[in-house]
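Novice: Pasting a structure here, questions to come.
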Amino acid sequence: MRTLCLLVLLLSIILNSQAQILQSTEDQALITFQILDEKNQPVAQTAVRITGERKGTTLMKKTDDKGEVKVLIPVSDLYKVMIKGCSNEADFELPDAPYQNHTIPIPYVAKATQIVEEEAPSDTKASKTEAVLLLRLKNKEGITLEETITIESKKTKKTYSLKSTADGPVEFLVPNDDTYYVHLDKAPMYYSIKVDKTPYLTMDETVVLDRQPKWELYPRIDKALLTFYFQDLDNIDVEGEIFLIKDLNTNKEYQCTTNTDGVAQMYVPINHKFVLGSKYNPKGKSIDTRLFPENHVVYKELKYSSLSEEARALRVAQMAKEAEIRDSLYLIEVAKQKAEMERAIARRDSIRSASAKISIEKRKQTLRDDAKSISSSSLFHHMQYDLEDTLTSNEFKRRGQEKKEAYKKDPLHFAKQKEILLSTMTRLSKSSKTKVVVTDITGSMRKYLVEIMLWHAMDFDAGKKTKYLFFNDGDRKKYKPLGNTGGLYFCEGKFTDFNIIMSTLSKGIAGGGGGDSPENDIEALIEAANRTNDIEELILVADNLSPVRDIILLKQVKVPVRVIVCGTERGKAINPQYLTIAYQTGGSVHTLRDDINNLQELTNGKEITIKGIKYILQNGEFIKH
């Protein structure tokens, strides 16, 4: 490889408090680079580039007459130092500590190209028009690699091939005033050599190539190489994992797949910026392939640790099994409610048929008494079948006010009754931020929808309109395109507009019930945020046992999302996708009794324990242990 990639140790630490213009701070270190040649003399007026791997810091400086460069750079980062005309690169890591002052000497080794004044050690002689190229091919430990070296003329495209041996450099006699590209096995365009017009020129060039057993591609001078390593949480290499790369300069998207060694590689344009993503982690990491102002190869290595696709599939299958058990219990409850509804229909019809004999007031009173006898979980079934809508809405309002009084007497009333939405919404109501309540209304969520209507009926924000968006995952569509699944129903209203809310919810329920386990949560959040300009946060009422089918769209959600996870009341683990949604949007997660507001404090690789269950943050995504 062209650069030696030396690891520079922090040889000395000095406190520079005398006549210093630059001062270290709690989060920035003062670094003095000393560029010294082979005779330990300063190298003045030479360009130096410092780049930070984690935070994207990039600085360009020139050495002063003492061969020094002083810079302030962020702590807790990995840095690479490149020097114009130097074959060395310096790599070092700054720890996370305040007020650091370091002096780092870097030996300046001129690029191996040099004029050899003595005769070349062979019968091949340079002339006025031809130069001798002495090429050595070594690995980073300095051991000669015995393999074929091919050089190609930039002007004529003519190629020359010789095999490198341990006996000494291979020797090429080539026309001068040209540039020659060096091609190696599996590493085309790996190096370039410029030969000038100097007569009788002999050049000695060392090419350093670090062969990697897991690599199929190697850096080139005309493209940037990205190399990804994928390991599961047990540090095992995984085959078949897909990485997504988006070119921010052209908006072109690439993807590559890991091989049997868990390695994925691809070439991308130099001087572009990219964002690395994955199917489950859309935000990803920024990648910069800008060049140093010399002809260096550019390559990036990134290690990625996460759940494998196979492990995810097993977890999804387990979640689907749990959802199936829950849904079977739900269907039993639906059957009971249907029987209750049919009895109510028969009662209503008998009252209507006898209306000539019963006074209007008495009939209304009978219907009111009938509404009071309906269980809370059956109210929506009566609403759907047009069982006196006004009476049904009045019953919601009546029960809502009863709930409000119970809450005033005991703030823990809803938690004790295991009413997760009422318990959480009352806690969230203390915020004055404008919001939209985005609610999953697919089949398994029906039992929670009563609480949504009761919340509205409780009228905590008297005189204010509450905004709702209900989603049913596609209105019974068989084909559900990403971001355009549909089944979204928006409405808003005050306490007095109760029938508008109830009618919109009823339409959404009638429109469809999902049909499969994954739901279009992110599409619904995006639509809710687009409905009004003054939204400060979104409340997502989510089914804990349903995967989020469109999680890759999460980067489009620009406001905090507070997720109420329904289905954790009996100690079920929180679906990690909802933790990820809250984390990446700056929001929070809420259960029957708990508010998880500290997710943004976590850094990559850190864990959080919720109800005895551990979740690890990996590359912006939460994974359950």
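Residue numbers start at 1 in each chain; chains themselves are named A, B, ... in the order of the structure tokens; ligands are numbered from 1 in the order shown.
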At most 7 Å is the cut-off: for each residue in stretch 486-605 of chain A with any atom that close to an atom of stretch 427-442 of chain A, write down the nearest atom pair and the distance in Å rounded to one decimal, counting only C-alpha atoms, chain first then increasing number, as CSV.
Specialist:
```
residue,atom,partner,partner_atom,distance
A:Ile509,CA,A:Ile441,CA,6.4
A:Gly513,CA,A:Thr442,CA,4.3
A:Gly514,CA,A:Thr442,CA,5.2
A:Ala524,CA,A:Val438,CA,7.0
A:Leu525,CA,A:Val438,CA,6.8
A:Ala528,CA,A:Val436,CA,6.6
A:Asp534,CA,A:Thr434,CA,6.8
A:Ile535,CA,A:Thr434,CA,5.3
A:Glu536,CA,A:Thr434,CA,5.4
A:Glu537,CA,A:Lys435,CA,5.0
A:Leu538,CA,A:Val436,CA,5.2
A:Ile539,CA,A:Val437,CA,4.8
A:Leu540,CA,A:Val438,CA,4.8
A:Val541,CA,A:Thr439,CA,4.6
A:Ala542,CA,A:Asp440,CA,5.8
A:Asp543,CA,A:Asp440,CA,6.9
```
Novice: Now that the selection is made, can you save its residues with all heavy atoms as a compact mmCIF listing (two decimals), in the first residue's frame?
Specialist:
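Writing done, so here's again37.txt:
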```
# COMPACT_ATOMS: atom_id res chain seq x y z
N ILE A 509 -61.93 1.85 11.05
CA ILE A 509 -62.11 0.46 11.46
C ILE A 509 -62.80 -0.33 10.34
O ILE A 509 -62.41 -1.43 10.00
CB ILE A 509 -62.92 0.38 12.75
CG1 ILE A 509 -62.10 0.99 13.91
CG2 ILE A 509 -63.28 -1.07 13.08
CD1 ILE A 509 -62.89 1.12 15.18
N GLY A 513 -58.53 -4.08 8.62
CA GLY A 513 -57.97 -4.46 9.91
C GLY A 513 -56.53 -4.89 9.85
O GLY A 513 -56.06 -5.57 10.75
N GLY A 514 -55.82 -4.53 8.78
CA GLY A 514 -54.41 -4.87 8.68
C GLY A 514 -54.17 -6.09 7.82
O GLY A 514 -53.55 -6.03 6.78
N ALA A 524 -47.64 6.61 8.73
CA ALA A 524 -48.67 7.35 9.48
C ALA A 524 -48.04 8.54 10.21
O ALA A 524 -48.63 9.64 10.24
CB ALA A 524 -49.36 6.41 10.47
N LEU A 525 -46.85 8.36 10.78
CA LEU A 525 -46.19 9.47 11.47
C LEU A 525 -45.83 10.60 10.51
O LEU A 525 -46.00 11.78 10.81
CB LEU A 525 -44.92 8.96 12.17
CG LEU A 525 -45.13 8.03 13.36
CD1 LEU A 525 -43.80 7.43 13.81
CD2 LEU A 525 -45.80 8.76 14.53
N ALA A 528 -48.99 12.46 9.60
CA ALA A 528 -49.46 13.29 10.71
C ALA A 528 -48.64 14.57 10.82
O ALA A 528 -49.18 15.66 11.04
CB ALA A 528 -49.38 12.49 12.02
N ASP A 534 -47.54 23.41 12.85
CA ASP A 534 -47.17 23.77 14.22
C ASP A 534 -46.96 22.56 15.12
O ASP A 534 -46.91 22.68 16.34
CB ASP A 534 -48.24 24.67 14.83
CG ASP A 534 -49.61 23.98 14.91
OD1 ASP A 534 -49.76 22.89 14.33
OD2 ASP A 534 -50.51 24.54 15.56
N ILE A 535 -46.82 21.36 14.54
CA ILE A 535 -46.64 20.17 15.35
C ILE A 535 -45.26 20.17 16.00
O ILE A 535 -44.24 20.38 15.35
CB ILE A 535 -46.80 18.90 14.49
CG1 ILE A 535 -48.26 18.73 14.11
CG2 ILE A 535 -46.33 17.66 15.24
CD1 ILE A 535 -49.19 18.59 15.28
N GLU A 536 -45.23 19.96 17.31
CA GLU A 536 -43.97 19.90 18.05
C GLU A 536 -43.60 18.48 18.45
O GLU A 536 -42.42 18.20 18.69
CB GLU A 536 -44.06 20.77 19.31
CG GLU A 536 -44.25 22.25 19.00
CD GLU A 536 -44.40 23.07 20.27
OE1 GLU A 536 -45.53 23.16 20.78
OE2 GLU A 536 -43.38 23.59 20.75
N GLU A 537 -44.58 17.59 18.50
CA GLU A 537 -44.29 16.20 18.80
C GLU A 537 -45.46 15.33 18.35
O GLU A 537 -46.57 15.84 18.11
CB GLU A 537 -44.00 15.98 20.29
CG GLU A 537 -45.17 16.32 21.19
CD GLU A 537 -44.82 16.18 22.68
OE1 GLU A 537 -43.63 16.28 23.01
OE2 GLU A 537 -45.74 15.99 23.48
N LEU A 538 -45.20 14.04 18.22
CA LEU A 538 -46.22 13.09 17.84
C LEU A 538 -46.35 12.03 18.93
O LEU A 538 -45.35 11.65 19.55
CB LEU A 538 -45.85 12.39 16.52
CG LEU A 538 -45.71 13.29 15.29
CD1 LEU A 538 -45.04 12.53 14.16
CD2 LEU A 538 -47.06 13.83 14.85
N ILE A 539 -47.58 11.59 19.17
CA ILE A 539 -47.81 10.47 20.09
C ILE A 539 -48.24 9.27 19.25
O ILE A 539 -49.24 9.33 18.54
CB ILE A 539 -48.89 10.81 21.13
CG1 ILE A 539 -48.41 11.94 22.04
CG2 ILE A 539 -49.23 9.57 21.96
CD1 ILE A 539 -49.43 12.39 23.07
N LEU A 540 -47.45 8.20 19.29
CA LEU A 540 -47.75 6.99 18.53
C LEU A 540 -48.31 5.94 19.47
O LEU A 540 -47.63 5.50 20.40
CB LEU A 540 -46.49 6.47 17.84
CG LEU A 540 -46.63 5.11 17.14
CD1 LEU A 540 -47.65 5.18 16.01
CD2 LEU A 540 -45.28 4.63 16.62
N VAL A 541 -49.56 5.55 19.23
CA VAL A 541 -50.19 4.46 19.98
C VAL A 541 -49.96 3.19 19.17
O VAL A 541 -50.58 2.99 18.13
CB VAL A 541 -51.69 4.72 20.21
CG1 VAL A 541 -52.31 3.57 21.00
CG2 VAL A 541 -51.90 6.05 20.93
N ALA A 542 -49.01 2.34 19.62
CA ALA A 542 -48.51 1.25 18.80
C ALA A 542 -48.81 -0.11 19.40
O ALA A 542 -48.90 -0.27 20.62
CB ALA A 542 -46.99 1.41 18.63
N ASP A 543 -48.93 -1.09 18.51
CA ASP A 543 -49.12 -2.49 18.91
C ASP A 543 -47.74 -3.09 19.16
O ASP A 543 -46.95 -3.26 18.23
CB ASP A 543 -49.84 -3.24 17.80
CG ASP A 543 -50.10 -4.70 18.16
OD1 ASP A 543 -49.65 -5.14 19.23
OD2 ASP A 543 -50.77 -5.39 17.37
```
Novice: Pick out the residues sitting within 8 Å of stretch 132-137 of chain A, and hand them over as an mmCIF file with N, CA, C and O atoms, in the first residue's frame; count only C-alpha atoms, and ignore anything fewer than 4 positions along from it in its own chain.
Specialist:
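Contents of result.cif, freshly written:
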```cif
data_model
loop_
_atom_site.group_PDB
_atom_site.id
_atom_site.type_symbol
_atom_site.label_atom_id
_atom_site.label_comp_id
_atom_site.auth_asym_id
_atom_site.auth_seq_id
_atom_site.Cartn_x
_atom_site.Cartn_y
_atom_site.Cartn_z
ATOM 1 N N ALA A 120 22.728 1.546 -12.174
ATOM 2 C CA ALA A 120 21.793 0.499 -11.766
ATOM 3 C C ALA A 120 22.527 -0.829 -11.700
ATOM 4 O O ALA A 120 23.405 -1.099 -12.529
ATOM 5 N N THR A 124 20.931 -3.400 -17.592
ATOM 6 C CA THR A 124 19.984 -2.444 -18.138
ATOM 7 C C THR A 124 20.430 -1.048 -17.767
ATOM 8 O O THR A 124 20.634 -0.751 -16.597
ATOM 9 N N LYS A 125 20.556 -0.167 -18.721
ATOM 10 C CA LYS A 125 21.037 1.180 -18.475
ATOM 11 C C LYS A 125 20.010 2.203 -18.951
ATOM 12 O O LYS A 125 19.389 2.034 -19.995
ATOM 13 N N ALA A 126 19.881 3.282 -18.149
ATOM 14 C CA ALA A 126 19.033 4.382 -18.575
ATOM 15 C C ALA A 126 19.710 5.149 -19.702
ATOM 16 O O ALA A 126 20.924 5.084 -19.893
ATOM 17 N N THR A 144 9.338 -8.967 1.301
ATOM 18 C CA THR A 144 9.104 -8.918 -0.141
ATOM 19 C C THR A 144 8.012 -9.907 -0.539
ATOM 20 O O THR A 144 8.005 -11.069 -0.096
ATOM 21 N N LEU A 145 7.096 -9.444 -1.376
ATOM 22 C CA LEU A 145 6.043 -10.301 -1.917
ATOM 23 C C LEU A 145 6.479 -10.797 -3.283
ATOM 24 O O LEU A 145 6.846 -9.996 -4.158
ATOM 25 N N GLU A 146 6.449 -12.088 -3.482
ATOM 26 C CA GLU A 146 6.873 -12.664 -4.748
ATOM 27 C C GLU A 146 5.649 -12.881 -5.631
ATOM 28 O O GLU A 146 4.985 -13.912 -5.556
ATOM 29 N N SER A 164 8.234 -10.110 -8.997
ATOM 30 C CA SER A 164 9.035 -9.667 -7.865
ATOM 31 C C SER A 164 9.596 -10.878 -7.132
ATOM 32 O O SER A 164 8.910 -11.884 -6.937
ATOM 33 N N GLY A 168 15.925 -8.984 -4.976
ATOM 34 C CA GLY A 168 16.130 -7.562 -5.183
ATOM 35 C C GLY A 168 14.977 -6.981 -5.985
ATOM 36 O O GLY A 168 14.000 -7.673 -6.288
ATOM 37 N N PRO A 169 15.098 -5.689 -6.360
ATOM 38 C CA PRO A 169 14.012 -5.063 -7.102
ATOM 39 C C PRO A 169 13.912 -5.592 -8.522
ATOM 40 O O PRO A 169 14.904 -6.012 -9.114
ATOM 41 N N VAL A 170 12.657 -5.588 -9.045
ATOM 42 C CA VAL A 170 12.495 -5.872 -10.476
ATOM 43 C C VAL A 170 12.826 -4.593 -11.231
ATOM 44 O O VAL A 170 12.643 -3.474 -10.726
ATOM 45 N N GLU A 171 13.272 -4.725 -12.445
ATOM 46 C CA GLU A 171 13.839 -3.593 -13.180
ATOM 47 C C GLU A 171 13.124 -3.423 -14.512
ATOM 48 O O GLU A 171 13.094 -4.343 -15.341
ATOM 49 N N PHE A 172 12.526 -2.267 -14.712
ATOM 50 C CA PHE A 172 11.852 -1.947 -15.958
ATOM 51 C C PHE A 172 12.611 -0.840 -16.683
ATOM 52 O O PHE A 172 13.024 0.142 -16.044
ATOM 53 N N LEU A 173 12.769 -0.968 -17.985
ATOM 54 C CA LEU A 173 13.314 0.099 -18.826
ATOM 55 C C LEU A 173 12.151 0.668 -19.625
ATOM 56 O O LEU A 173 11.562 -0.020 -20.468
ATOM 57 N N VAL A 174 11.787 1.919 -19.345
ATOM 58 C CA VAL A 174 10.575 2.503 -19.935
ATOM 59 C C VAL A 174 10.862 3.897 -20.463
ATOM 60 O O VAL A 174 11.796 4.572 -19.995
ATOM 61 N N LEU A 201 17.812 8.669 -16.136
ATOM 62 C CA LEU A 201 17.121 8.637 -14.838
ATOM 63 C C LEU A 201 16.928 7.198 -14.362
ATOM 64 O O LEU A 201 16.454 6.339 -15.115
ATOM 65 N N THR A 202 17.325 6.947 -13.141
ATOM 66 C CA THR A 202 17.018 5.676 -12.485
ATOM 67 C C THR A 202 16.173 5.989 -11.250
ATOM 68 O O THR A 202 16.563 6.815 -10.421
ATOM 69 N N MET A 203 15.035 5.327 -11.138
ATOM 70 C CA MET A 203 14.121 5.586 -10.016
ATOM 71 C C MET A 203 13.934 4.318 -9.202
ATOM 72 O O MET A 203 13.762 3.225 -9.756
ATOM 73 N N ASP A 204 13.981 4.473 -7.904
ATOM 74 C CA ASP A 204 13.794 3.348 -6.978
ATOM 75 C C ASP A 204 12.473 3.571 -6.245
ATOM 76 O O ASP A 204 12.313 4.560 -5.524
ATOM 77 N N GLU A 205 11.533 2.666 -6.428
ATOM 78 C CA GLU A 205 10.178 2.839 -5.882
ATOM 79 C C GLU A 205 9.785 1.590 -5.097
ATOM 80 O O GLU A 205 9.966 0.460 -5.572
ATOM 81 N N THR A 206 9.274 1.796 -3.889
ATOM 82 C CA THR A 206 8.767 0.681 -3.078
ATOM 83 C C THR A 206 7.248 0.762 -3.007
ATOM 84 O O THR A 206 6.683 1.792 -2.634
ATOM 85 N N VAL A 207 6.602 -0.327 -3.374
ATOM 86 C CA VAL A 207 5.142 -0.415 -3.305
ATOM 87 C C VAL A 207 4.787 -1.323 -2.133
ATOM 88 O O VAL A 207 5.270 -2.459 -2.052
ATOM 89 N N VAL A 208 3.974 -0.810 -1.219
ATOM 90 C CA VAL A 208 3.578 -1.590 -0.040
ATOM 91 C C VAL A 208 2.145 -2.085 -0.232
ATOM 92 O O VAL A 208 1.223 -1.292 -0.409
ATOM 93 N N LEU A 209 1.979 -3.386 -0.211
ATOM 94 C CA LEU A 209 0.665 -4.005 -0.386
ATOM 95 C C LEU A 209 0.386 -4.917 0.797
ATOM 96 O O LEU A 209 1.143 -5.843 1.057
#
```
Novice: Please provide as a ChimeraX atom specification all residues within 12 Å of A:Leu545, with the sequence filter that same-chain residues fewer than 3 positions apart are discarded (counting only C-alpha atoms).
Specialist: /A:315-327,440,442,444-445,516-519,542,548,565-568,572-578
Novice: Could the residues in this selection be saved with N, CA, C and O atoms as a tab-separated table (two decimals), in the first residue's frame?
Specialist:
```
chain	number	residue	atom	x	y	z
A	315	ARG	N	-36.80	-13.92	15.54
A	315	ARG	CA	-37.49	-13.06	16.50
A	315	ARG	C	-38.85	-12.60	15.97
A	315	ARG	O	-39.82	-12.52	16.71
A	316	VAL	N	-38.90	-12.32	14.68
A	316	VAL	CA	-40.18	-11.93	14.08
A	316	VAL	C	-41.17	-13.09	14.13
A	316	VAL	O	-42.36	-12.90	14.41
A	317	ALA	N	-40.68	-14.31	13.88
A	317	ALA	CA	-41.55	-15.48	13.94
A	317	ALA	C	-42.10	-15.68	15.34
A	317	ALA	O	-43.28	-16.02	15.52
A	318	GLN	N	-41.24	-15.47	16.34
A	318	GLN	CA	-41.69	-15.59	17.72
A	318	GLN	C	-42.74	-14.53	18.04
A	318	GLN	O	-43.76	-14.81	18.70
A	319	MET	N	-42.50	-13.32	17.55
A	319	MET	CA	-43.47	-12.25	17.77
A	319	MET	C	-44.79	-12.56	17.09
A	319	MET	O	-45.88	-12.34	17.65
A	320	ALA	N	-44.73	-13.13	15.87
A	320	ALA	CA	-45.94	-13.49	15.15
A	320	ALA	C	-46.73	-14.59	15.89
A	320	ALA	O	-47.96	-14.57	15.92
A	321	LYS	N	-45.97	-15.53	16.49
A	321	LYS	CA	-46.63	-16.59	17.25
A	321	LYS	C	-47.36	-16.02	18.46
A	321	LYS	O	-48.51	-16.40	18.74
A	322	GLU	N	-46.72	-15.10	19.16
A	322	GLU	CA	-47.36	-14.46	20.31
A	322	GLU	C	-48.58	-13.66	19.86
A	322	GLU	O	-49.61	-13.65	20.54
A	323	ALA	N	-48.46	-12.99	18.70
A	323	ALA	CA	-49.59	-12.21	18.19
A	323	ALA	C	-50.75	-13.11	17.82
A	323	ALA	O	-51.92	-12.77	18.02
A	324	GLU	N	-50.43	-14.30	17.27
A	324	GLU	CA	-51.48	-15.26	16.89
A	324	GLU	C	-52.26	-15.72	18.12
A	324	GLU	O	-53.50	-15.82	18.08
A	325	ILE	N	-51.53	-16.00	19.20
A	325	ILE	CA	-52.21	-16.41	20.44
A	325	ILE	C	-53.09	-15.29	20.96
A	325	ILE	O	-54.25	-15.50	21.33
A	326	ARG	N	-52.54	-14.07	20.94
A	326	ARG	CA	-53.33	-12.92	21.41
A	326	ARG	C	-54.56	-12.71	20.53
A	326	ARG	O	-55.67	-12.46	21.03
A	327	ASP	N	-54.39	-12.83	19.21
A	327	ASP	CA	-55.51	-12.59	18.30
A	327	ASP	C	-56.60	-13.64	18.44
A	327	ASP	O	-57.78	-13.34	18.26
A	440	ASP	N	-52.72	3.11	15.88
A	440	ASP	CA	-52.92	1.86	15.14
A	440	ASP	C	-54.32	1.34	15.48
A	440	ASP	O	-54.63	1.10	16.65
A	442	THR	N	-55.70	-1.40	13.77
A	442	THR	CA	-55.88	-2.74	13.23
A	442	THR	C	-56.55	-3.62	14.28
A	442	THR	O	-56.65	-3.25	15.45
A	444	SER	N	-56.13	-6.15	16.31
A	444	SER	CA	-55.66	-6.47	17.65
A	444	SER	C	-55.64	-5.27	18.59
A	444	SER	O	-55.49	-5.43	19.80
A	445	MET	N	-55.83	-4.06	18.05
A	445	MET	CA	-55.77	-2.85	18.87
A	445	MET	C	-57.14	-2.35	19.29
A	445	MET	O	-57.25	-1.34	19.99
A	516	ASP	N	-52.12	-8.53	8.12
A	516	ASP	CA	-50.87	-9.19	8.44
A	516	ASP	C	-50.24	-8.48	9.63
A	516	ASP	O	-50.71	-7.45	10.07
A	517	SER	N	-49.16	-9.05	10.15
A	517	SER	CA	-48.60	-8.55	11.40
A	517	SER	C	-47.92	-7.18	11.28
A	517	SER	O	-48.17	-6.30	12.09
A	518	PRO	N	-47.01	-6.95	10.29
A	518	PRO	CA	-46.33	-5.65	10.22
A	518	PRO	C	-47.31	-4.51	9.92
A	518	PRO	O	-48.31	-4.70	9.22
A	519	GLU	N	-47.01	-3.32	10.45
A	519	GLU	CA	-47.89	-2.17	10.27
A	519	GLU	C	-47.10	-0.98	9.69
A	519	GLU	O	-45.88	-0.92	9.80
A	542	ALA	N	-49.01	2.34	19.62
A	542	ALA	CA	-48.51	1.25	18.80
A	542	ALA	C	-48.81	-0.11	19.40
A	542	ALA	O	-48.90	-0.27	20.62
A	548	VAL	N	-42.64	-3.02	12.62
A	548	VAL	CA	-42.84	-1.81	11.82
A	548	VAL	C	-42.34	-2.10	10.41
A	548	VAL	O	-41.14	-2.25	10.19
A	565	VAL	N	-46.58	1.97	24.02
A	565	VAL	CA	-46.55	0.58	23.53
A	565	VAL	C	-47.65	-0.21	24.22
A	565	VAL	O	-47.61	-0.46	25.43
A	566	CYS	N	-48.65	-0.61	23.45
A	566	CYS	CA	-49.78	-1.37	23.97
A	566	CYS	C	-49.48	-2.87	23.87
A	566	CYS	O	-49.10	-3.36	22.81
A	567	GLY	N	-49.65	-3.57	24.97
A	567	GLY	CA	-49.38	-5.00	24.98
A	567	GLY	C	-48.23	-5.38	25.89
A	567	GLY	O	-47.80	-6.53	25.89
A	568	THR	N	-47.75	-4.42	26.67
A	568	THR	CA	-46.67	-4.71	27.62
A	568	THR	C	-47.19	-4.79	29.05
A	568	THR	O	-46.40	-4.95	29.98
A	572	LYS	N	-44.58	-8.13	29.13
A	572	LYS	CA	-43.95	-8.43	27.85
A	572	LYS	C	-42.83	-7.45	27.56
A	572	LYS	O	-42.91	-6.27	27.91
A	573	ALA	N	-41.76	-7.93	26.91
A	573	ALA	CA	-40.65	-7.06	26.54
A	573	ALA	C	-41.10	-6.05	25.50
A	573	ALA	O	-41.95	-6.33	24.65
A	574	ILE	N	-40.53	-4.86	25.56
A	574	ILE	CA	-40.86	-3.81	24.58
A	574	ILE	C	-40.24	-4.17	23.24
A	574	ILE	O	-39.08	-4.58	23.16
A	575	ASN	N	-41.01	-4.03	22.17
A	575	ASN	CA	-40.49	-4.21	20.81
A	575	ASN	C	-39.35	-3.21	20.60
A	575	ASN	O	-39.58	-2.00	20.66
A	576	PRO	N	-38.11	-3.66	20.33
A	576	PRO	CA	-36.97	-2.74	20.22
A	576	PRO	C	-37.15	-1.69	19.12
A	576	PRO	O	-36.53	-0.62	19.19
A	577	GLN	N	-37.96	-1.98	18.11
A	577	GLN	CA	-38.16	-1.00	17.04
A	577	GLN	C	-38.77	0.30	17.58
A	577	GLN	O	-38.45	1.39	17.08
A	578	TYR	N	-39.60	0.19	18.59
A	578	TYR	CA	-40.22	1.40	19.14
A	578	TYR	C	-39.23	2.20	19.97
A	578	TYR	O	-39.30	3.43	20.03
```
Novice: As a ChimeraX atom specification, please: every residue in stretch 6-226 of chain A that a backbone DSSP assignment puts in strand (DSSP E).
Specialist: /A:6-7,12-13,28-36,47-52,58-62,68-74,77-83,89-94,101-107,130-138,148-153,159-163,170-175,178-184,187-195,202-208,224-226
Novice: Could you give me, as a short mmCIF file (atom, residue, chain, number, x, y, z; two decimals) with all heavy atoms, in the first residue's frame, the residues within 6 Å of stretch 492-507 of chain A, counting only C-alpha atoms and dropping anything in the same chain fewer than 3 positions from it?
Specialist:
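Final file, result.cif:
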```cif
data_model
loop_
_atom_site.label_atom_id
_atom_site.label_comp_id
_atom_site.auth_asym_id
_atom_site.auth_seq_id
_atom_site.Cartn_x
_atom_site.Cartn_y
_atom_site.Cartn_z
N ASP A 459 -61.94 15.37 28.25
CA ASP A 459 -61.85 16.81 27.97
C ASP A 459 -60.89 17.51 28.94
O ASP A 459 -61.23 18.49 29.59
CB ASP A 459 -63.25 17.45 28.06
CG ASP A 459 -63.25 18.87 27.50
OD1 ASP A 459 -62.41 19.17 26.64
OD2 ASP A 459 -64.09 19.67 27.94
N LYS A 464 -59.86 23.22 23.54
CA LYS A 464 -58.83 23.00 22.53
C LYS A 464 -59.23 21.85 21.61
O LYS A 464 -59.90 20.91 22.01
CB LYS A 464 -57.49 22.66 23.18
CG LYS A 464 -56.84 23.84 23.90
CD LYS A 464 -55.47 23.44 24.41
CE LYS A 464 -54.80 24.61 25.11
NZ LYS A 464 -53.44 24.23 25.60
N LYS A 465 -58.74 21.94 20.36
CA LYS A 465 -58.95 20.85 19.42
C LYS A 465 -57.86 19.80 19.62
O LYS A 465 -56.70 20.14 19.82
CB LYS A 465 -58.91 21.35 17.98
CG LYS A 465 -60.15 22.12 17.55
CD LYS A 465 -60.07 22.41 16.07
CE LYS A 465 -61.36 23.10 15.60
NZ LYS A 465 -61.34 23.36 14.14
N THR A 466 -58.24 18.55 19.58
CA THR A 466 -57.27 17.46 19.62
C THR A 466 -57.19 16.86 18.23
O THR A 466 -58.22 16.62 17.60
CB THR A 466 -57.68 16.38 20.63
OG1 THR A 466 -57.81 16.99 21.92
CG2 THR A 466 -56.64 15.28 20.71
N LYS A 467 -55.96 16.64 17.75
CA LYS A 467 -55.75 16.10 16.40
C LYS A 467 -55.46 14.61 16.49
O LYS A 467 -54.69 14.16 17.33
CB LYS A 467 -54.59 16.83 15.71
CG LYS A 467 -54.80 18.32 15.54
CD LYS A 467 -53.57 18.98 14.93
CE LYS A 467 -53.80 20.46 14.65
NZ LYS A 467 -54.01 21.24 15.91
N TYR A 468 -56.10 13.83 15.59
CA TYR A 468 -55.92 12.39 15.57
C TYR A 468 -55.61 11.93 14.15
O TYR A 468 -56.12 12.48 13.17
CB TYR A 468 -57.19 11.66 16.02
CG TYR A 468 -57.60 11.93 17.45
CD1 TYR A 468 -58.53 12.92 17.74
CD2 TYR A 468 -57.08 11.19 18.50
CE1 TYR A 468 -58.92 13.18 19.05
CE2 TYR A 468 -57.47 11.43 19.81
CZ TYR A 468 -58.39 12.42 20.07
OH TYR A 468 -58.77 12.67 21.37
N ALA A 510 -63.83 0.28 9.76
CA ALA A 510 -64.56 -0.38 8.67
C ALA A 510 -63.69 -0.55 7.44
O ALA A 510 -63.88 -1.48 6.65
CB ALA A 510 -65.81 0.43 8.33
N GLY A 511 -62.69 0.36 7.26
CA GLY A 511 -61.83 0.31 6.07
C GLY A 511 -60.93 -0.90 6.02
O GLY A 511 -60.53 -1.34 4.93
#
```
Novice: Interatomic distance between atom CA of A:Lys138 and atom CA of A:Lys80?
Specialist: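 Spanning atom CA of A:Lys138 to atom CA of A:Lys80 is a straight-line distance of 22.3 Å.
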Novice: Please list as a ChimeraX atom specification every residue within 9 Å of A:Leu78, counting only C-alpha atoms and excluding residues in the same chain fewer than 5 positions away.
Specialist: /A:51-55,91-95
